[in-house]
2 protein chains.
Amino acid sequence: MRKGPARGPRPSSIARVEGIDYVDLDQHLGYALRRAQVAAFDAFHRATAGAGVTPPRFTALVILNANPGITQSTLGQILGTARSGAMLLTDWLEGRGLAERRHRPDDGRAWGLYLTPKGGRVLETLRRRVRQQDRRFAGRLAGRERRELLRLLEKLAA
Amino acid sequence: MRKGPARGPRPSSIARVEGIDYVDLDQHLGYALRRAQVAAFDAFHRATAGAGVTPPRFTALVILNANPGITQSTLGQILGTARSGAMLLTDWLEGRGLAERRHRPDDGRAWGLYLTPKGGRVLETLRRRVRQQDRRFAGRLAGRERRELLRLLEKLAA
DNA sequence: TCGATATTGTTACATAGGACTACAATCGCC
DNA sequence: GGCGATTGTAGTCCTATGTAACAATATCGA
């Protein structure tokens, strides 16, 4: 229906071009957020290179680990995607042996989603790498600045 | 080649789901940035509803206005997209009479891009609406917080 | 000056992530 | 028991990219 930020082929980075007048573009929160997010995505991608793990997939792993047994619908809500998208994501995870669907005794329609032992191990590795890269990425900020940034972002997205 | 944030069909918003343990997801800059950006995009979309103007299109208008005569390649660099994408974008702008291509006397290969008078008017309207919506969106932040946020984002994206 | 090389716009093609809809199975509630 | 709501699923469509190939033109070096 409408359009929004998602994931797809990527701008390797949004570099400033020499000799161009950017006017007051930086004063727009949306523009500033987008630039920062592209940079963050770059960092994420470097951290997980080769694993084929995208941000939503990583998020799904984290969520499944902390909330075993949730349904695909719930996962979709958490990620902000349609049910069909959550299903494709689950297919992907299951296809790699990272997660599995288990019938729910209490509800014949729904599946419960669980991380497999392998999924847990992969998550741990990813988590370590992502955290490390995150720290490097945020290296330009002082510790207090980083915390302040997170606080402000949280306030915006709430 | 790789994947990254872009625009496409959208998650209407990424709401927190009741009873779910989000663990330390908020501690990841990438995740926090993404959530904030989705919210910002929502605000942008409301501001430009009906105009069919997406963030990159808006950016292109602003850039063309301040840098008349730039080439499509340069526009692509600024937006962080491939030449072919810049061309499609230019087609769209030209199709609506917002911008036009003019032959360059100095380079037979390239076109110079210029905003039309109509393009200028549309930009002014959009700019006003976007700025207004931006302010509303940032309303949850104190003036100083907003400036601080922009400063930190800039530092990250640089 | 001329030929190799690079750049620009363009076209055609491929991909990826979503949304939307329709459907069958199942649940919940009256 | 029956009807509306929910769940997973499959199918289809759309949009925004990127890549590769090409012709025209520029540029640079021998």
# chains A, B, ... in the order shown; residues from 1 in each chain; ligands from 1

$ interface_residues --of "chain C" --to "chain B" --cutoff "9 Å" --atoms "only C-alpha atoms (C1' of nucleotides)" --output "MDAnalysis selection string"
chainID C and resid 7:10 16:19

$ write_last_selection --atoms "C-alpha atoms (C1' of nucleotides)" --output "CSV table (one decimal), in the first residue's frame"
chain,number,residue,atom,x,y,z
C,7,DT,C1',32.7,7.8,-18.9
C,8,DT,C1',27.6,8.8,-19.8
C,9,DG,C1',23.2,7.6,-20.6
C,10,DT,C1',20.4,3.9,-21.9
C,16,DA,C1',14.8,-9.6,-3.4
C,17,DG,C1',11.6,-8.2,-0.2
C,18,DG,C1',7.4,-7.3,0.8
C,19,DA,C1',2.1,-6.6,0.4

$ closest_atom_pairs --of "chain D" --to "chain A" --cutoff "12 Å" --atoms "only C-alpha atoms (C1' of nucleotides)" --output "tab-separated table"
residue	atom	partner	partner_atom	distance
D:DT6	C1'	A:Arg109	CA	8.4
D:DT7	C1'	A:Arg109	CA	5.1
D:DG8	C1'	A:Ala110	CA	6.9
D:DT9	C1'	A:Ser84	CA	7.9
D:DA10	C1'	A:Ser84	CA	9.4
D:DG11	C1'	A:Ser84	CA	11.2
D:DC13	C1'	A:Met1	CA	12.0
D:DC14	C1'	A:Met1	CA	9.9
D:DT15	C1'	A:Lys3	CA	8.8
D:DA16	C1'	A:Gly8	CA	7.6
D:DT17	C1'	A:Pro9	CA	4.9
D:DG18	C1'	A:Pro9	CA	6.3
D:DT19	C1'	A:Pro9	CA	11.4

$ closest_residue --among "B:Glu145, B:Asp24, B:Glu94, B:Asp134" --to "Ala39 (chain B)" --atoms "only C-alpha atoms"
B:Asp134

$ select_by_dssp --residues "chain B" --states "strand (DSSP E)" --output "PyMOL selection string"
chain B and resi 3-9+99-103+111-115

$ residues_around --residues "region 128-133 of chain A" --least-positions-apart "5" --cutoff "12 Å" --atoms "only C-alpha atoms (C1' of nucleotides)" --output "number ranges by chain"
A: 39-49, 51, 53-55, 58-59, 62, 121-123, 138-139; B: 24-31

$ closest_residue --among "A:Asn65, A:Gly97, A:Thr81, A:Ile70" --to "chain B" --atoms "only C-alpha atoms"
A:Thr81

$ residues_around --residues "DG4 (chain D)" --least-positions-apart "6" --cutoff "12 Å" --atoms "only C-alpha atoms (C1' of nucleotides)" --output "VMD selection string"
chain C and resid 27 to 30

$ write_last_selection --atoms "N, CA and C atoms (P, O5', C5', C4', C3', O3' and C1' of nucleotides)" --output "compact mmCIF listing (two decimals), in the first residue's frame"
# COMPACT_ATOMS: atom_id res chain seq x y z
P DC C 27 -7.79 -26.74 17.11
O5' DC C 27 -8.36 -25.35 17.65
C5' DC C 27 -7.53 -24.20 17.56
C4' DC C 27 -8.28 -22.96 17.94
C3' DC C 27 -9.07 -23.04 19.24
O3' DC C 27 -8.68 -21.96 20.06
C1' DC C 27 -10.41 -22.19 17.48
P DG C 28 -9.05 -21.83 21.55
O5' DG C 28 -9.83 -20.44 21.56
C5' DG C 28 -10.51 -20.03 20.39
C4' DG C 28 -11.49 -18.93 20.72
C3' DG C 28 -12.14 -19.06 22.09
O3' DG C 28 -12.55 -17.76 22.50
C1' DG C 28 -13.72 -19.57 20.39
P DC C 29 -13.20 -17.52 23.95
O5' DC C 29 -14.66 -16.98 23.58
C5' DC C 29 -14.83 -16.27 22.36
C4' DC C 29 -16.30 -16.23 21.97
C3' DC C 29 -17.27 -16.27 23.15
O3' DC C 29 -18.30 -15.32 22.91
C1' DC C 29 -17.77 -18.02 21.65
P DC C 30 -19.18 -14.79 24.07
O5' DC C 30 -20.67 -15.13 23.62
C5' DC C 30 -21.11 -14.69 22.33
C4' DC C 30 -22.25 -15.57 21.84
C3' DC C 30 -23.31 -15.87 22.89
O3' DC C 30 -24.45 -15.05 22.64
C1' DC C 30 -22.74 -17.83 21.57

$ residues_around --residues "Leu98 (chain A)" --least-positions-apart "6" --cutoff "10 Å" --atoms "only C-alpha atoms (C1' of nucleotides)" --output "PyMOL selection string"
chain A and resi 61+90+92+114-123

$ atom_distance --atom1 "CA of Arg57 (chain B)" --atom2 "CA of Arg104 (chain B)"
22.9 Å

$ select_by_dssp --residues "region 85-155 of chain A" --states "alpha helix (DSSP H)" --output "number ranges by chain"
A: 85-95, 117-137, 143-155

$ residues_around --residues "Ala66 (chain B)" --least-positions-apart "6" --cutoff "10 Å" --atoms "only C-alpha atoms (C1' of nucleotides)" --output "JSON, numbers by chain"
{"A": [20, 21, 22, 23], "B": [60, 114, 115]}

$ residues_around --residues "Leu150 (chain B)" --least-positions-apart "4" --cutoff "7 Å" --atoms "only C-alpha atoms (C1' of nucleotides)" --output "PyMOL selection string"
(chain A and resi 29+32) or (chain B and resi 146+154)

$ write_last_selection --atoms "C-alpha atoms" --output "CSV table (one decimal), in the first residue's frame"
chain,number,residue,atom,x,y,z
A,29,LEU,CA,15.8,14.0,10.9
A,32,ALA,CA,20.1,12.1,8.9
B,146,ARG,CA,17.0,17.3,18.6
B,154,GLU,CA,26.1,13.1,11.6
